[in-house]
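First the structure, in the form of C-alpha cells, and then the observations on it.
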Amino acid sequence: MPTQLDCGVDRLLVDTPRDGIVLVTLNRPEARNAVSFEMWQGFSALLDQLERDTPARALVLTGAGPLFSTGGDMKIPPARGEGALSPAARLEWGQRTIARLRRLPIPVIAAVEGGAWGIGWSLALACDLVFAADDARFGAPFVRFGLAPDGGSCWLLARQLGRHRAAELLLSGRDIDATEALSLGLVSRVCAAGNVLDAALDFADRLGDGNRHAVELTRRLLHAADDGGSLEASHALELAYCSILQKGDELERARAAFAARSAAKRKT
C-alpha cells in the first residue's frame with residue numbers, strides 16, 4: 001500500500017487514519033454530498049492506486065457532515081462529450097466506479113450517517129458491509145423524478161431482496177429506515193448516531209486480527225459467490241486459496257495467538 005494516497009480532488013478526501021486502512025470521505029456537505037463528475041473522477045484515480053499497489057487492509061467510505069449522500073447532483077447537467085450516451089456521461093462514470101469498487105480484493109465498508117439516496121445508496125449497497133446510524137434512512141426515489149433507477153440499484157436490490165420486494169421499493173420510491181434496512185439484510189450493523197464511523201474503523205482494524213491474506217482471499221471468495229459461481233467453482237477456489245495460506249506465515253501466527261488465548265483462559 002502506498003504511503004501517500006492522492007485522488008487529486010478536494011471534494012473526495014482520502015486519509016489513512018489507522019495502519020493499512022483507507023478512509024474516503026464524500027466532501028460536499030453544502031450539497032448534501034451529491035456526487036459530481038469531479039468526485040467520480042477522483043474515485044477513479046484512487047482506485048487506480050488501490051488496484052495497482054499492495055492492497056490496503058480495508059477501505060471505509062463515509063460522507064462529510066450529517067449525511068452520507070443524496071445521490072447524483074441534480075443541479076448540474078449530467079452530460080459531457082459527444083458520444084451517443086453523452087447525455088448520461090456522469091452516470092457512466094458512476095457505474096464504472098461502483099463496478100470497480102465491488103471488484104476490489106479488500107473489504108469495503110460504508111459508514112452511513114443520516115442516510116443515502118439514489119446512486120449514493122447504490123454506492124453503499126456495492127460495499128461489503130454497511131454500518132448505519134439508528135436514525136439513517138435509505139431510498140431509491142428515481143421514478144418520482146421521472147428517472148430509471150441507476151448505479152446498479154435494480155441489480156443490487158433484486159439480488160439481495162428478490163424481485164418482488166425490490167420492485168416494491170423501486171416502484172414506490174419510498175424511504176426505509178435503519179430498522180427496516182437491517183431486517184431486509186441491506187445493512188450489516190446499526191449504531192448510535194454519531195458513532196458510525198468509529199464503529200466501522202474499529203471493525204476494519206480488527207479484521208482477521210492482522211491476517212491480511214486470509215481476509216483478502218475470503219473477500220475474493222465472497223465476490224465469486226456473489227457473481228453466481230457454482231458450488232464446485234467455489235470449492236476449487238477454496239482449495240487454491242487454502243493452499244496459498246498453508247504456505248504463508250499468517251497461519252503460524254494465528255495458531256500461536258489461538259494457543260496463547262487458550263492458555264490465558266485456562267489460568268482464569
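A note on labels: chains of the C-alpha cells are A, B, ... as shown, every chain counts residues from 1, and ligands are counted from 1 in their shown order.
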- Task: Fewer than 6 positions away in the same chain doesn't count, so skip those; otherwise give me all residues within 10 Å of Asp10 of chain A, counting only C-alpha atoms, as an MDAnalysis selection string.
- Result: chainID A and resid 26:28 38:39 42
- Task: Considering only C-alpha atoms, return as a PyMOL selection string whatever protein or nucleic-acid residues lie within 9 Å of segment 86-96 of chain A, sequence-local ones (same chain, fewer than 2 positions apart) excluded.
- Result: chain A and resi 35-37+40-41+44+72+77-84+98-101+119+123+150-152
- Taking into account only C-alpha atoms, which residue in the set A:Arg57, A:His235, A:Lys75, A:Arg144 is nearest to Ile109 of chain A? A:Arg57
With a distance cut-off of 12 Å and only C-alpha atoms, select the neighbouring residues of segment 253-265 of chain A, excluding the residue or stretch itself and same-chain residues fewer than 5 positions from it, and output the selection as a compact mmCIF listing (two decimals) with C-alpha atoms, in the first residue's frame.
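Result saved to around_3.txt:
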# COMPACT_ATOMS: atom_id res chain seq x y z
CA GLY A 208 -8.63 -11.06 10.76
CA ASP A 209 -6.52 -9.84 13.70
CA GLY A 210 -3.94 -8.75 11.18
CA ASN A 211 -4.18 -11.79 8.90
CA ARG A 212 -4.35 -9.70 5.74
CA HIS A 213 -4.03 -12.50 3.21
CA ALA A 214 -6.77 -14.55 4.86
CA LEU A 245 -2.40 -19.72 3.13
CA GLN A 246 -0.82 -23.00 4.27
CA GLY A 248 2.45 -18.33 4.46
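Inside segment 42-196 of chain A, the residues DSSP reads as strand (DSSP E) when given the backbone are Ala58, Leu59, Val60, Leu61, Thr62, Gly63, Val108, Ile109, Ala110, Ala111, Val112, Gly115, Ala116, Trp117, Leu129, Val130, Phe131, Ala132, Ala133, Arg137, Phe138, Gly139, Asp175, Ile176, Asp177, Arg189, Val190 and Cys191 of chain A.
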Write the selection just made, keeping N, CA and C atoms, as a compact mmCIF listing (two decimals), in the first residue's frame?
# COMPACT_ATOMS: atom_id res chain seq x y z
N ALA A 58 -8.31 -2.49 4.41
CA ALA A 58 -9.74 -2.26 4.21
C ALA A 58 -9.94 -0.84 3.70
N LEU A 59 -11.08 -0.61 3.08
CA LEU A 59 -11.49 0.72 2.64
C LEU A 59 -12.79 1.07 3.34
N VAL A 60 -12.84 2.23 3.98
CA VAL A 60 -14.05 2.72 4.64
C VAL A 60 -14.53 3.95 3.90
N LEU A 61 -15.81 3.98 3.56
CA LEU A 61 -16.39 5.07 2.80
C LEU A 61 -17.45 5.76 3.64
N THR A 62 -17.37 7.09 3.73
CA THR A 62 -18.34 7.84 4.53
C THR A 62 -18.61 9.19 3.87
N GLY A 63 -19.48 9.98 4.48
CA GLY A 63 -19.80 11.30 3.97
C GLY A 63 -19.51 12.37 5.00
N VAL A 108 -14.71 -3.57 1.82
CA VAL A 108 -15.13 -2.17 1.69
C VAL A 108 -16.35 -1.97 2.60
N ILE A 109 -16.25 -0.98 3.48
CA ILE A 109 -17.29 -0.73 4.48
C ILE A 109 -17.87 0.66 4.28
N ALA A 110 -19.18 0.75 4.15
CA ALA A 110 -19.85 2.05 4.11
C ALA A 110 -20.27 2.43 5.52
N ALA A 111 -19.92 3.64 5.96
CA ALA A 111 -20.32 4.17 7.26
C ALA A 111 -21.33 5.28 7.00
N VAL A 112 -22.61 4.98 7.22
CA VAL A 112 -23.70 5.86 6.78
C VAL A 112 -24.33 6.57 7.97
N GLY A 115 -28.26 9.17 6.11
CA GLY A 115 -28.96 8.42 5.09
C GLY A 115 -28.26 8.44 3.76
N ALA A 116 -28.78 7.61 2.84
CA ALA A 116 -28.23 7.51 1.49
C ALA A 116 -29.39 7.32 0.52
N TRP A 117 -29.35 8.05 -0.58
CA TRP A 117 -30.42 8.00 -1.57
C TRP A 117 -29.84 7.88 -2.97
N LEU A 129 -19.89 -4.34 3.54
CA LEU A 129 -20.63 -4.13 4.78
C LEU A 129 -21.16 -2.71 4.81
N VAL A 130 -22.33 -2.54 5.43
CA VAL A 130 -22.92 -1.21 5.60
C VAL A 130 -23.21 -1.03 7.09
N PHE A 131 -22.52 -0.08 7.72
CA PHE A 131 -22.80 0.32 9.09
C PHE A 131 -23.65 1.58 9.01
N ALA A 132 -24.79 1.56 9.69
CA ALA A 132 -25.74 2.67 9.57
C ALA A 132 -26.11 3.23 10.93
N ALA A 133 -26.32 4.53 10.98
CA ALA A 133 -26.83 5.18 12.19
C ALA A 133 -28.26 4.75 12.44
N ARG A 137 -31.77 6.86 6.96
CA ARG A 137 -32.82 6.46 6.04
C ARG A 137 -32.20 6.20 4.67
N PHE A 138 -32.90 5.35 3.89
CA PHE A 138 -32.40 4.94 2.59
C PHE A 138 -33.54 4.99 1.58
N GLY A 139 -33.20 5.34 0.35
CA GLY A 139 -34.25 5.38 -0.66
C GLY A 139 -33.70 5.42 -2.07
N ASP A 175 -38.87 5.75 1.18
CA ASP A 175 -37.72 5.60 2.07
C ASP A 175 -37.94 4.42 3.02
N ILE A 176 -36.85 3.85 3.47
CA ILE A 176 -36.91 2.88 4.57
C ILE A 176 -35.97 3.36 5.66
N ASP A 177 -36.28 3.03 6.91
CA ASP A 177 -35.41 3.43 8.00
C ASP A 177 -34.38 2.35 8.29
N ARG A 189 -24.95 -3.58 10.30
CA ARG A 189 -24.98 -3.25 11.72
C ARG A 189 -25.57 -1.85 11.89
N VAL A 190 -26.41 -1.68 12.90
CA VAL A 190 -26.97 -0.37 13.24
C VAL A 190 -26.27 0.14 14.49
N CYS A 191 -25.80 1.40 14.42
CA CYS A 191 -25.03 2.00 15.51
C CYS A 191 -25.72 3.29 15.97
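Closest approach to Leu222 of chain A among A:Glu238, A:Glu168, A:Glu113, A:Asp48 is made by A:Glu238 (distances from only C-alpha atoms).
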